[in-house]
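Raw contents of coords17.pdb, PDB, C-alpha atoms, pLDDT in the B column:
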ATOM      1  CA  MET H   1     146.743  15.976 -44.903  1.00 38.00           C
ATOM      2  CA  ARG H   2     144.396  13.133 -44.028  1.00 36.00           C
ATOM      3  CA  LEU H   3     142.503  11.829 -47.038  1.00 33.00           C
ATOM      4  CA  ALA H   4     141.090   8.538 -48.012  1.00 34.00           C
ATOM      5  CA  ALA H   5     139.833   9.118 -51.501  1.00 33.00           C
ATOM      6  CA  LEU H   6     137.952  11.114 -54.259  1.00 34.00           C
ATOM      7  CA  LEU H   7     136.595  13.890 -56.199  1.00 35.00           C
ATOM      8  CA  VAL H   8     136.397  16.810 -55.527  1.00 35.00           C
ATOM      9  CA  LEU H   9     135.989  18.152 -53.564  1.00 39.00           C
ATOM     10  CA  PRO H  10     135.511  20.156 -50.563  1.00 35.00           C
ATOM     11  CA  PHE H  11     132.771  20.012 -48.439  1.00 35.00           C
ATOM     12  CA  PHE H  12     133.200  20.544 -44.881  1.00 36.00           C
ATOM     13  CA  LEU H  13     130.670  22.093 -43.041  1.00 33.00           C
ATOM     14  CA  THR H  14     129.043  22.840 -40.055  1.00 33.00           C
ATOM     15  CA  ALA H  15     127.895  24.756 -37.300  1.00 33.00           C
ATOM     16  CA  CYS H  16     125.903  27.607 -35.995  1.00 32.00           C
ATOM     17  CA  GLY H  17     127.840  30.800 -36.565  1.00 34.00           C
ATOM     18  CA  GLY H  18     128.684  33.617 -34.220  1.00 34.00           C
ATOM     19  CA  ALA H  19     126.253  36.483 -33.804  1.00 31.00           C
ATOM     20  CA  GLY H  20     128.555  38.823 -35.686  1.00 33.00           C
ATOM     21  CA  ASP H  21     128.247  36.726 -38.842  1.00 35.00           C
ATOM     22  CA  SER H  22     124.470  36.876 -39.164  1.00 30.00           C
ATOM     23  CA  ALA H  23     124.342  39.858 -41.497  1.00 29.00           C
ATOM     24  CA  VAL H  24     126.982  38.348 -43.765  1.00 32.00           C
ATOM     25  CA  ALA H  25     125.186  35.031 -43.820  1.00 34.00           C
ATOM     26  CA  GLY H  26     122.010  36.718 -44.958  1.00 35.00           C
ATOM     27  CA  VAL H  27     123.827  38.178 -47.960  1.00 34.00           C
ATOM     28  CA  GLU H  28     125.875  35.125 -48.844  1.00 41.00           C
ATOM     29  CA  THR H  29     123.444  32.262 -48.458  1.00 39.00           C
ATOM     30  CA  GLY H  30     122.023  30.954 -51.734  1.00 40.00           C
ATOM     31  CA  THR H  31     123.569  31.656 -55.118  1.00 42.00           C
ATOM     32  CA  THR H  32     126.928  33.348 -55.225  1.00 41.00           C
ATOM     33  CA  ALA H  33     127.257  37.069 -55.822  1.00 40.00           C
ATOM     34  CA  THR H  34     128.589  36.392 -59.316  1.00 47.00           C
ATOM     35  CA  GLY H  35     125.584  34.227 -60.225  1.00 59.00           C
ATOM     36  CA  GLU H  36     125.690  30.729 -61.671  1.00 64.00           C
ATOM     37  CA  ALA H  37     127.320  31.714 -64.965  1.00 69.00           C
ATOM     38  CA  GLY H  38     130.076  33.627 -63.193  1.00 80.00           C
ATOM     39  CA  ALA H  39     130.648  30.870 -60.662  1.00 85.00           C
ATOM     40  CA  PHE H  40     131.362  28.330 -63.395  1.00 94.00           C
ATOM     41  CA  ALA H  41     133.127  30.606 -65.878  1.00 90.00           C
ATOM     42  CA  ALA H  42     136.491  28.960 -65.184  1.00 91.00           C
ATOM     43  CA  LEU H  43     135.327  25.485 -66.245  1.00 94.00           C
ATOM     44  CA  PRO H  44     137.400  24.554 -69.323  1.00 94.00           C
ATOM     45  CA  PHE H  45     135.893  23.502 -72.633  1.00 94.00           C
ATOM     46  CA  LEU H  46     137.183  20.042 -73.497  1.00 96.00           C
ATOM     47  CA  GLU H  47     137.230  18.545 -76.966  1.00 95.00           C
ATOM     48  CA  GLY H  48     137.396  14.989 -78.258  1.00 94.00           C
ATOM     49  CA  GLU H  49     135.301  11.902 -78.939  1.00 93.00           C
ATOM     50  CA  PHE H  50     135.285  10.863 -75.271  1.00 95.00           C
ATOM     51  CA  VAL H  51     134.081  14.120 -73.698  1.00 97.00           C
ATOM     52  CA  TRP H  52     131.211  13.354 -71.337  1.00 97.00           C
ATOM     53  CA  ALA H  53     128.192  15.607 -70.714  1.00 97.00           C
ATOM     54  CA  THR H  54     127.141  15.416 -67.072  1.00 97.00           C
ATOM     55  CA  ASP H  55     123.494  14.745 -66.226  1.00 98.00           C
ATOM     56  CA  TYR H  56     123.224  16.961 -63.148  1.00 97.00           C
ATOM     57  CA  ALA H  57     119.727  15.771 -62.260  1.00 97.00           C
ATOM     58  CA  SER H  58     121.176  12.270 -61.734  1.00 97.00           C
ATOM     59  CA  SER H  59     124.502  13.378 -60.196  1.00 98.00           C
ATOM     60  CA  SER H  60     125.340  14.456 -56.672  1.00 97.00           C
ATOM     61  CA  VAL H  61     128.025  15.727 -54.305  1.00 96.00           C
ATOM     62  CA  THR H  62     127.163  14.807 -50.725  1.00 95.00           C
ATOM     63  CA  PHE H  63     129.015  14.839 -47.416  1.00 95.00           C
ATOM     64  CA  SER H  64     128.832  13.818 -43.768  1.00 95.00           C
ATOM     65  CA  ALA H  65     130.493  15.243 -40.670  1.00 95.00           C
ATOM     66  CA  GLU H  66     129.973  15.388 -36.914  1.00 94.00           C
ATOM     67  CA  GLN H  67     128.591  18.214 -34.778  1.00 92.00           C
ATOM     68  CA  GLU H  68     128.942  17.675 -31.036  1.00 91.00           C
ATOM     69  CA  GLY H  69     129.443  13.958 -31.646  1.00 91.00           C
ATOM     70  CA  GLN H  70     126.317  13.603 -33.778  1.00 92.00           C
ATOM     71  CA  SER H  71     126.624  12.789 -37.475  1.00 94.00           C
ATOM     72  CA  PHE H  72     124.863  14.985 -40.021  1.00 94.00           C
ATOM     73  CA  GLU H  73     124.655  14.868 -43.794  1.00 95.00           C
ATOM     74  CA  GLY H  74     124.426  17.476 -46.522  1.00 95.00           C
ATOM     75  CA  ARG H  75     124.931  18.190 -50.198  1.00 97.00           C
ATOM     76  CA  PHE H  76     125.976  20.851 -52.683  1.00 97.00           C
ATOM     77  CA  GLU H  77     123.077  21.684 -54.946  1.00 97.00           C
ATOM     78  CA  SER H  78     125.092  23.441 -57.669  1.00 97.00           C
ATOM     79  CA  PHE H  79     128.263  22.155 -59.345  1.00 97.00           C
ATOM     80  CA  ARG H  80     129.685  21.592 -62.823  1.00 97.00           C
ATOM     81  CA  ALA H  81     132.167  19.092 -64.258  1.00 97.00           C
ATOM     82  CA  ALA H  82     134.178  18.788 -67.470  1.00 97.00           C
ATOM     83  CA  ILE H  83     135.314  15.232 -68.166  1.00 97.00           C
ATOM     84  CA  ARG H  84     137.295  13.598 -70.954  1.00 97.00           C
ATOM     85  CA  LEU H  85     138.089   9.920 -70.481  1.00 96.00           C
ATOM     86  CA  ASN H  86     138.542   7.124 -72.989  1.00 95.00           C
ATOM     87  CA  PRO H  87     138.753   3.863 -70.999  1.00 92.00           C
ATOM     88  CA  ALA H  88     140.743   2.288 -73.849  1.00 92.00           C
ATOM     89  CA  ASP H  89     143.380   5.048 -73.763  1.00 94.00           C
ATOM     90  CA  ILE H  90     143.431   7.318 -70.712  1.00 94.00           C
ATOM     91  CA  SER H  91     146.632   9.150 -71.676  1.00 94.00           C
ATOM     92  CA  ASP H  92     144.749  12.394 -72.382  1.00 94.00           C
ATOM     93  CA  ALA H  93     142.078  12.010 -69.690  1.00 97.00           C
ATOM     94  CA  GLU H  94     141.083  15.155 -67.790  1.00 97.00           C
ATOM     95  CA  ILE H  95     138.649  15.816 -64.953  1.00 97.00           C
ATOM     96  CA  HIS H  96     137.705  19.316 -63.815  1.00 97.00           C
ATOM     97  CA  ALA H  97     135.044  20.200 -61.259  1.00 96.00           C
ATOM     98  CA  ILE H  98     133.711  23.449 -59.814  1.00 97.00           C
ATOM     99  CA  ILE H  99     131.377  23.614 -56.815  1.00 97.00           C
ATOM    100  CA  ASP H 100     129.265  26.635 -55.870  1.00 97.00           C
ATOM    101  CA  MET H 101     130.031  26.762 -52.160  1.00 96.00           C
ATOM    102  CA  ALA H 102     126.990  28.909 -51.353  1.00 95.00           C
ATOM    103  CA  SER H 103     124.727  26.130 -52.653  1.00 96.00           C
ATOM    104  CA  VAL H 104     125.419  23.990 -49.585  1.00 96.00           C
ATOM    105  CA  ASP H 105     122.522  22.358 -47.788  1.00 96.00           C
ATOM    106  CA  ALA H 106     123.759  20.896 -44.510  1.00 94.00           C
ATOM    107  CA  GLY H 107     120.329  19.770 -43.344  1.00 91.00           C
ATOM    108  CA  ASP H 108     119.821  22.533 -40.782  1.00 90.00           C
ATOM    109  CA  ALA H 109     118.887  26.228 -41.084  1.00 94.00           C
ATOM    110  CA  ASP H 110     121.573  27.364 -38.618  1.00 92.00           C
ATOM    111  CA  ARG H 111     124.318  25.428 -40.390  1.00 92.00           C
ATOM    112  CA  ASN H 112     123.135  26.657 -43.774  1.00 94.00           C
ATOM    113  CA  SER H 113     123.249  30.306 -42.685  1.00 94.00           C
ATOM    114  CA  SER H 114     126.647  29.940 -41.003  1.00 93.00           C
ATOM    115  CA  LEU H 115     128.631  28.036 -43.626  1.00 94.00           C
ATOM    116  CA  PRO H 116     128.943  30.936 -46.134  1.00 95.00           C
ATOM    117  CA  THR H 117     130.451  33.239 -43.470  1.00 95.00           C
ATOM    118  CA  SER H 118     134.097  34.131 -42.896  1.00 93.00           C
ATOM    119  CA  ASP H 119     134.677  31.451 -40.220  1.00 94.00           C
ATOM    120  CA  TRP H 120     133.712  28.727 -42.669  1.00 95.00           C
ATOM    121  CA  PHE H 121     133.538  28.961 -46.482  1.00 96.00           C
ATOM    122  CA  LYS H 122     133.846  32.765 -46.776  1.00 96.00           C
ATOM    123  CA  THR H 123     131.900  32.664 -50.021  1.00 96.00           C
ATOM    124  CA  ARG H 124     132.154  36.402 -50.722  1.00 95.00           C
ATOM    125  CA  SER H 125     135.885  35.983 -51.279  1.00 96.00           C
ATOM    126  CA  PHE H 126     135.918  32.310 -52.327  1.00 97.00           C
ATOM    127  CA  PRO H 127     132.609  31.479 -54.053  1.00 96.00           C
ATOM    128  CA  THR H 128     133.784  28.184 -55.514  1.00 97.00           C
ATOM    129  CA  ALA H 129     135.885  25.116 -54.787  1.00 97.00           C
ATOM    130  CA  THR H 130     137.727  23.501 -57.689  1.00 97.00           C
ATOM    131  CA  PHE H 131     139.362  20.222 -58.601  1.00 96.00           C
ATOM    132  CA  ARG H 132     141.730  19.838 -61.562  1.00 96.00           C
ATOM    133  CA  SER H 133     143.295  16.500 -62.409  1.00 95.00           C
ATOM    134  CA  ALA H 134     146.961  16.193 -63.317  1.00 96.00           C
ATOM    135  CA  GLN H 135     146.859  12.481 -64.169  1.00 95.00           C
ATOM    136  CA  VAL H 136     144.272   9.724 -64.442  1.00 96.00           C
ATOM    137  CA  ARG H 137     145.312   6.073 -64.224  1.00 95.00           C
ATOM    138  CA  GLN H 138     143.519   2.746 -64.221  1.00 96.00           C
ATOM    139  CA  ILE H 139     143.927   0.750 -61.020  1.00 95.00           C
ATOM    140  CA  SER H 140     141.971  -2.338 -62.059  1.00 96.00           C
ATOM    141  CA  GLU H 141     138.980  -3.298 -64.195  1.00 95.00           C
ATOM    142  CA  GLY H 142     136.419  -0.503 -63.745  1.00 95.00           C
ATOM    143  CA  ARG H 143     138.539   1.228 -61.083  1.00 96.00           C
ATOM    144  CA  TYR H 144     140.455   4.457 -61.720  1.00 96.00           C
ATOM    145  CA  GLU H 145     142.355   7.111 -59.801  1.00 95.00           C
ATOM    146  CA  ALA H 146     142.705  10.803 -60.591  1.00 92.00           C
ATOM    147  CA  THR H 147     145.481  12.743 -58.908  1.00 92.00           C
ATOM    148  CA  GLY H 148     145.348  16.506 -58.966  1.00 93.00           C
ATOM    149  CA  GLU H 149     144.777  19.688 -57.013  1.00 95.00           C
ATOM    150  CA  LEU H 150     141.807  20.590 -54.852  1.00 95.00           C
ATOM    151  CA  THR H 151     141.316  24.270 -53.989  1.00 97.00           C
ATOM    152  CA  ILE H 152     138.982  25.407 -51.232  1.00 96.00           C
ATOM    153  CA  LYS H 153     138.910  28.858 -49.683  1.00 97.00           C
ATOM    154  CA  GLY H 154     141.938  29.839 -51.767  1.00 96.00           C
ATOM    155  CA  ILE H 155     144.070  26.979 -50.401  1.00 97.00           C
ATOM    156  CA  SER H 156     145.273  24.283 -52.816  1.00 96.00           C
ATOM    157  CA  GLN H 157     146.243  20.778 -51.740  1.00 95.00           C
ATOM    158  CA  PRO H 158     147.258  17.690 -53.735  1.00 92.00           C
ATOM    159  CA  VAL H 159     144.624  14.960 -53.615  1.00 90.00           C
ATOM    160  CA  SER H 160     144.133  11.469 -54.912  1.00 88.00           C
ATOM    161  CA  LEU H 161     140.715  10.648 -56.287  1.00 84.00           C
ATOM    162  CA  PRO H 162     139.829   6.952 -56.712  1.00 92.00           C
ATOM    163  CA  PHE H 163     136.526   6.161 -58.424  1.00 96.00           C
ATOM    164  CA  ASP H 164     134.559   3.309 -59.927  1.00 97.00           C
ATOM    165  CA  LEU H 165     133.474   3.748 -63.541  1.00 97.00           C
ATOM    166  CA  MET H 166     130.800   1.783 -65.405  1.00 96.00           C
ATOM    167  CA  ILE H 167     130.171   2.470 -69.092  1.00 95.00           C
ATOM    168  CA  GLU H 168     127.239   1.039 -71.018  1.00 95.00           C
ATOM    169  CA  GLY H 169     127.138   2.249 -74.605  1.00 92.00           C
ATOM    170  CA  ASN H 170     127.271   6.039 -74.488  1.00 94.00           C
ATOM    171  CA  THR H 171     126.269   6.301 -70.828  1.00 97.00           C
ATOM    172  CA  ALA H 172     128.714   6.369 -67.922  1.00 97.00           C
ATOM    173  CA  THR H 173     128.337   6.321 -64.152  1.00 97.00           C
ATOM    174  CA  ALA H 174     131.221   7.168 -61.829  1.00 97.00           C
ATOM    175  CA  SER H 175     131.165   7.053 -58.053  1.00 96.00           C
ATOM    176  CA  GLY H 176     133.665   7.418 -55.260  1.00 91.00           C
ATOM    177  CA  SER H 177     134.275   8.818 -51.804  1.00 86.00           C
ATOM    178  CA  LEU H 178     136.982  10.501 -49.794  1.00 89.00           C
ATOM    179  CA  GLU H 179     137.758  11.831 -46.369  1.00 92.00           C
ATOM    180  CA  LEU H 180     139.107  15.361 -45.932  1.00 94.00           C
ATOM    181  CA  ASP H 181     140.435  17.190 -42.904  1.00 96.00           C
ATOM    182  CA  ARG H 182     138.642  20.555 -42.901  1.00 96.00           C
ATOM    183  CA  THR H 183     141.569  22.305 -41.214  1.00 96.00           C
ATOM    184  CA  ASP H 184     143.776  21.622 -44.257  1.00 96.00           C
ATOM    185  CA  PHE H 185     141.711  24.288 -46.010  1.00 96.00           C
ATOM    186  CA  ASN H 186     141.117  26.698 -43.109  1.00 95.00           C
ATOM    187  CA  VAL H 187     137.474  25.692 -42.957  1.00 96.00           C
ATOM    188  CA  GLY H 188     136.467  26.460 -39.399  1.00 95.00           C
ATOM    189  CA  GLU H 189     138.371  29.428 -37.972  1.00 94.00           C
ATOM    190  CA  GLY H 190     138.280  31.348 -34.724  1.00 92.00           C
ATOM    191  CA  ALA H 191     136.075  29.588 -32.194  1.00 91.00           C
ATOM    192  CA  TYR H 192     135.682  26.652 -34.595  1.00 92.00           C
ATOM    193  CA  ALA H 193     139.380  25.995 -35.252  1.00 94.00           C
ATOM    194  CA  ASP H 194     139.460  22.996 -32.892  1.00 94.00           C
ATOM    195  CA  ASP H 195     137.179  19.965 -32.891  1.00 94.00           C
ATOM    196  CA  ALA H 196     135.316  20.732 -29.666  1.00 91.00           C
ATOM    197  CA  TRP H 197     132.114  21.383 -31.597  1.00 90.00           C
ATOM    198  CA  ILE H 198     132.708  20.255 -35.170  1.00 93.00           C
ATOM    199  CA  GLY H 199     134.905  17.256 -35.992  1.00 95.00           C
ATOM    200  CA  TYR H 200     137.902  17.601 -38.296  1.00 96.00           C
ATOM    201  CA  PRO H 201     137.091  14.752 -40.744  1.00 96.00           C
ATOM    202  CA  VAL H 202     134.523  15.274 -43.483  1.00 94.00           C
ATOM    203  CA  SER H 203     133.505  12.341 -45.670  1.00 93.00           C
ATOM    204  CA  VAL H 204     132.586  13.248 -49.244  1.00 91.00           C
ATOM    205  CA  SER H 205     130.741  11.099 -51.764  1.00 92.00           C
ATOM    206  CA  VAL H 206     130.346  11.894 -55.440  1.00 94.00           C
ATOM    207  CA  LYS H 207     128.166  10.290 -58.088  1.00 96.00           C
ATOM    208  CA  ILE H 208     128.382  11.418 -61.720  1.00 97.00           C
ATOM    209  CA  SER H 209     126.071  10.247 -64.491  1.00 98.00           C
ATOM    210  CA  ALA H 210     127.087  11.347 -67.988  1.00 98.00           C
ATOM    211  CA  SER H 211     126.641  10.634 -71.667  1.00 97.00           C
ATOM    212  CA  ARG H 212     128.424  11.354 -74.953  1.00 95.00           C
TER
END

Will you turn the file into C-alpha cells for me?
Amino acid sequence: MRLAALLVLPFFLTACGGAGDSAVAGVETGTTATGEAGAFAALPFLEGEFVWATDYASSSVTFSAEQEGQSFEGRFESFRAAIRLNPADISDAEIHAIIDMASVDAGDADRNSSLPTSDWFKTRSFPTATFRSAQVRQISEGRYEATGELTIKGISQPVSLPFDLMIEGNTATASGSLELDRTDFNVGEGAYADDAWIGYPVSVSVKISASR
C-alpha cells in the first residue's frame, strides 16, 4: 500500500461513469440513503477533559487526483470526528472520523454523478468511510502521528496519520496530508481498474479546527 501520510481518510475519485450507472448515480448522489444521522451513528461518544468539539465550518477534507494527466481537486462536504487528545499525556488519545462518501464534490458534474456508483464508491452498500486510531504518539514539538485502520468500500487497511497540532488556550488546529493508492480499496473497478484514465495516487489533505 502506497501512503505518505494522514487522516482519514479516503477520497479517491474520479471519472465519468459508464452509461449503465446513470440511474444509480441519480439515486445515490447527495446525502446517503440513511440520512446524515444514520451515516454518523457509529461515531463513538468520547469522555474526558481533553475531548475536542470540531468546528465543521472551519474544517475540511480535500483531495487531488489526475484524470487523463490533468490534476483536479475536490472535497467531502459532510464528515464527523471524535477526538480526545491531551498533549501533556497522549496515552489515552483517540481519533475517530466518519466521512459521508456521497457528499463528494470533485469539481465536475460528471465526476460527481459517477463517484457514488458501483465502479467507484458504491455508496448504496458503503455510504461511509471510517478511520479509527489504535495509537497516537508525539513525533516532535507540535508534530504527532496516529496509526490505525482506514476503511473504504468495506476494505480496511492499516494507515499512519502524521499531523501538525497547534493549541492556543481551548482552541486547537490540526492539519496534515497523505497519499493513498485508490486500488488498495477497490475504488475504480471494471473499465477504471487501471490508470489509463484516472491515476492511482490520490493526495488527501485534512484541516480540523476544534475547541473544548

Select from region 43-96 of chain H every residue with an atom at most 7 Å from any atom of region 104-123 of chain H, then for each give the shortest pair of atoms and their distance in Å to one decimal, using only C-alpha atoms, rows by chain and rising number, as CSV.
residue,atom,partner,partner_atom,distance
H:Glu73,CA,H:Ala106,CA,6.1
H:Gly74,CA,H:Ala106,CA,4.0
H:Arg75,CA,H:Asp105,CA,5.4
H:Phe76,CA,H:Val104,CA,4.4
H:Glu77,CA,H:Val104,CA,6.3

Problem - Polymer residues at most 8 Å from region 147-149 of chain H, only C-alpha atoms, same-chain spacing of 2 or more positions, as an MDAnalysis selection string - result: chainID H and resid 131:136 145 151 156:161

Practice task
Record the distance separating CA of Gly154 (chain H) and CA of Trp197 (chain H), expressed in Å with one decimal.
Solution key: 24.0 Å

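CA of Val202 (chain H) is found 4.9 Å from CA of Ala65 (chain H).
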
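Across the structure, CA of Ile83 (chain H) and CA of Asp100 (chain H) are spaced 17.8 Å apart.
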
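Using the PyMOL selection byres ((chain H and resi 200) around 8) on this structure selects Asp181, Arg182, Thr183, Asp194, Asp195, Ile198, Gly199, Pro201 and Val202 of chain H.
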
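The smallest atom-to-atom distance between Gly142 (chain H) and any of H:Pro87, H:Glu179, H:Phe126, H:Ile98, using all atoms listed in the file, is found for H:Pro87.
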
Practice task
Give the answer as one residue: which of H:Val51, H:Ser205, H:Met101, H:His96 has the shortest atom-to-atom distance to Arg84 (chain H), using all atoms listed in the file?
Solution key: H:Val51

Practice task
Compile the contact shell of Glu49 (chain H) as a list of chain:residue names: residues with an atom at most 12 Å away, counting all atoms listed in the file, same-chain residues fewer than 3 positions apart removed.
Solution key: H:Leu46, H:Trp52, H:Ala53, H:Ile83, H:Arg84, H:Leu85, H:Asn86, H:Pro87, H:Asp89, H:Asp92, H:Ala93, H:Asn170, H:Ser211, H:Arg212

File for region 38-57 of chain H (N, CA, C and O atoms), as an mmCIF file, in the first residue's frame:
data_model
loop_
_atom_site.group_PDB
_atom_site.id
_atom_site.type_symbol
_atom_site.label_atom_id
_atom_site.label_comp_id
_atom_site.auth_asym_id
_atom_site.auth_seq_id
_atom_site.Cartn_x
_atom_site.Cartn_y
_atom_site.Cartn_z
ATOM 1 N N GLY H 38 -28.030 8.773 10.346
ATOM 2 C CA GLY H 38 -27.678 7.370 10.172
ATOM 3 C C GLY H 38 -26.246 7.186 9.726
ATOM 4 O O GLY H 38 -25.560 6.265 10.170
ATOM 5 N N ALA H 39 -25.777 8.079 8.863
ATOM 6 C CA ALA H 39 -24.414 7.967 8.347
ATOM 7 C C ALA H 39 -23.380 8.071 9.457
ATOM 8 O O ALA H 39 -22.338 7.423 9.412
ATOM 9 N N PHE H 40 -23.667 8.873 10.483
ATOM 10 C CA PHE H 40 -22.693 9.118 11.532
ATOM 11 C C PHE H 40 -23.035 8.420 12.842
ATOM 12 O O PHE H 40 -22.435 8.702 13.883
ATOM 13 N N ALA H 41 -23.967 7.482 12.789
ATOM 14 C CA ALA H 41 -24.425 6.814 14.012
ATOM 15 C C ALA H 41 -23.316 6.036 14.702
ATOM 16 O O ALA H 41 -23.347 5.845 15.917
ATOM 17 N N ALA H 42 -22.319 5.590 13.933
ATOM 18 C CA ALA H 42 -21.254 4.764 14.512
ATOM 19 C C ALA H 42 -20.161 5.582 15.190
ATOM 20 O O ALA H 42 -19.250 5.013 15.782
ATOM 21 N N LEU H 43 -20.227 6.909 15.125
ATOM 22 C CA LEU H 43 -19.196 7.729 15.748
ATOM 23 C C LEU H 43 -19.282 7.575 17.268
ATOM 24 O O LEU H 43 -20.343 7.786 17.861
ATOM 25 N N PRO H 44 -18.200 7.185 17.922
ATOM 26 C CA PRO H 44 -18.263 6.947 19.376
ATOM 27 C C PRO H 44 -18.391 8.243 20.165
ATOM 28 O O PRO H 44 -17.992 9.317 19.703
ATOM 29 N N PHE H 45 -18.932 8.130 21.353
ATOM 30 C CA PHE H 45 -19.003 9.257 22.282
ATOM 31 C C PHE H 45 -17.809 9.158 23.215
ATOM 32 O O PHE H 45 -17.683 8.198 23.972
ATOM 33 N N LEU H 46 -16.936 10.133 23.162
ATOM 34 C CA LEU H 46 -15.731 10.132 23.987
ATOM 35 C C LEU H 46 -15.931 11.027 25.204
ATOM 36 O O LEU H 46 -16.620 12.047 25.138
ATOM 37 N N GLU H 47 -15.295 10.634 26.296
ATOM 38 C CA GLU H 47 -15.400 11.402 27.531
ATOM 39 C C GLU H 47 -14.014 11.822 28.004
ATOM 40 O O GLU H 47 -13.011 11.195 27.667
ATOM 41 N N GLY H 48 -13.962 12.879 28.789
ATOM 42 C CA GLY H 48 -12.701 13.332 29.357
ATOM 43 C C GLY H 48 -12.515 14.825 29.192
ATOM 44 O O GLY H 48 -13.201 15.490 28.406
ATOM 45 N N GLU H 49 -11.565 15.373 29.948
ATOM 46 C CA GLU H 49 -11.310 16.814 29.922
ATOM 47 C C GLU H 49 -10.816 17.281 28.567
ATOM 48 O O GLU H 49 -11.105 18.395 28.127
ATOM 49 N N PHE H 50 -10.055 16.418 27.858
ATOM 50 C CA PHE H 50 -9.453 16.826 26.593
ATOM 51 C C PHE H 50 -10.171 16.208 25.390
ATOM 52 O O PHE H 50 -9.554 15.734 24.446
ATOM 53 N N VAL H 51 -11.512 16.220 25.439
ATOM 54 C CA VAL H 51 -12.322 15.880 24.268
ATOM 55 C C VAL H 51 -12.592 17.175 23.503
ATOM 56 O O VAL H 51 -13.009 18.184 24.094
ATOM 57 N N TRP H 52 -12.333 17.135 22.202
ATOM 58 C CA TRP H 52 -12.412 18.331 21.373
ATOM 59 C C TRP H 52 -13.658 18.302 20.497
ATOM 60 O O TRP H 52 -13.951 17.289 19.863
ATOM 61 N N ALA H 53 -14.379 19.431 20.462
ATOM 62 C CA ALA H 53 -15.569 19.575 19.620
ATOM 63 C C ALA H 53 -15.154 20.221 18.306
ATOM 64 O O ALA H 53 -14.652 21.353 18.282
ATOM 65 N N THR H 54 -15.369 19.530 17.215
ATOM 66 C CA THR H 54 -14.922 20.009 15.905
ATOM 67 C C THR H 54 -15.811 21.146 15.402
ATOM 68 O O THR H 54 -17.037 21.066 15.458
ATOM 69 N N ASP H 55 -15.184 22.188 14.904
ATOM 70 C CA ASP H 55 -15.875 23.286 14.226
ATOM 71 C C ASP H 55 -15.886 22.948 12.734
ATOM 72 O O ASP H 55 -14.916 23.206 12.025
ATOM 73 N N TYR H 56 -16.989 22.387 12.260
ATOM 74 C CA TYR H 56 -17.020 21.883 10.884
ATOM 75 C C TYR H 56 -17.007 23.002 9.853
ATOM 76 O O TYR H 56 -16.535 22.800 8.728
ATOM 77 N N ALA H 57 -17.477 24.179 10.220
ATOM 78 C CA ALA H 57 -17.457 25.302 9.286
ATOM 79 C C ALA H 57 -16.022 25.737 8.977
ATOM 80 O O ALA H 57 -15.755 26.304 7.909
#
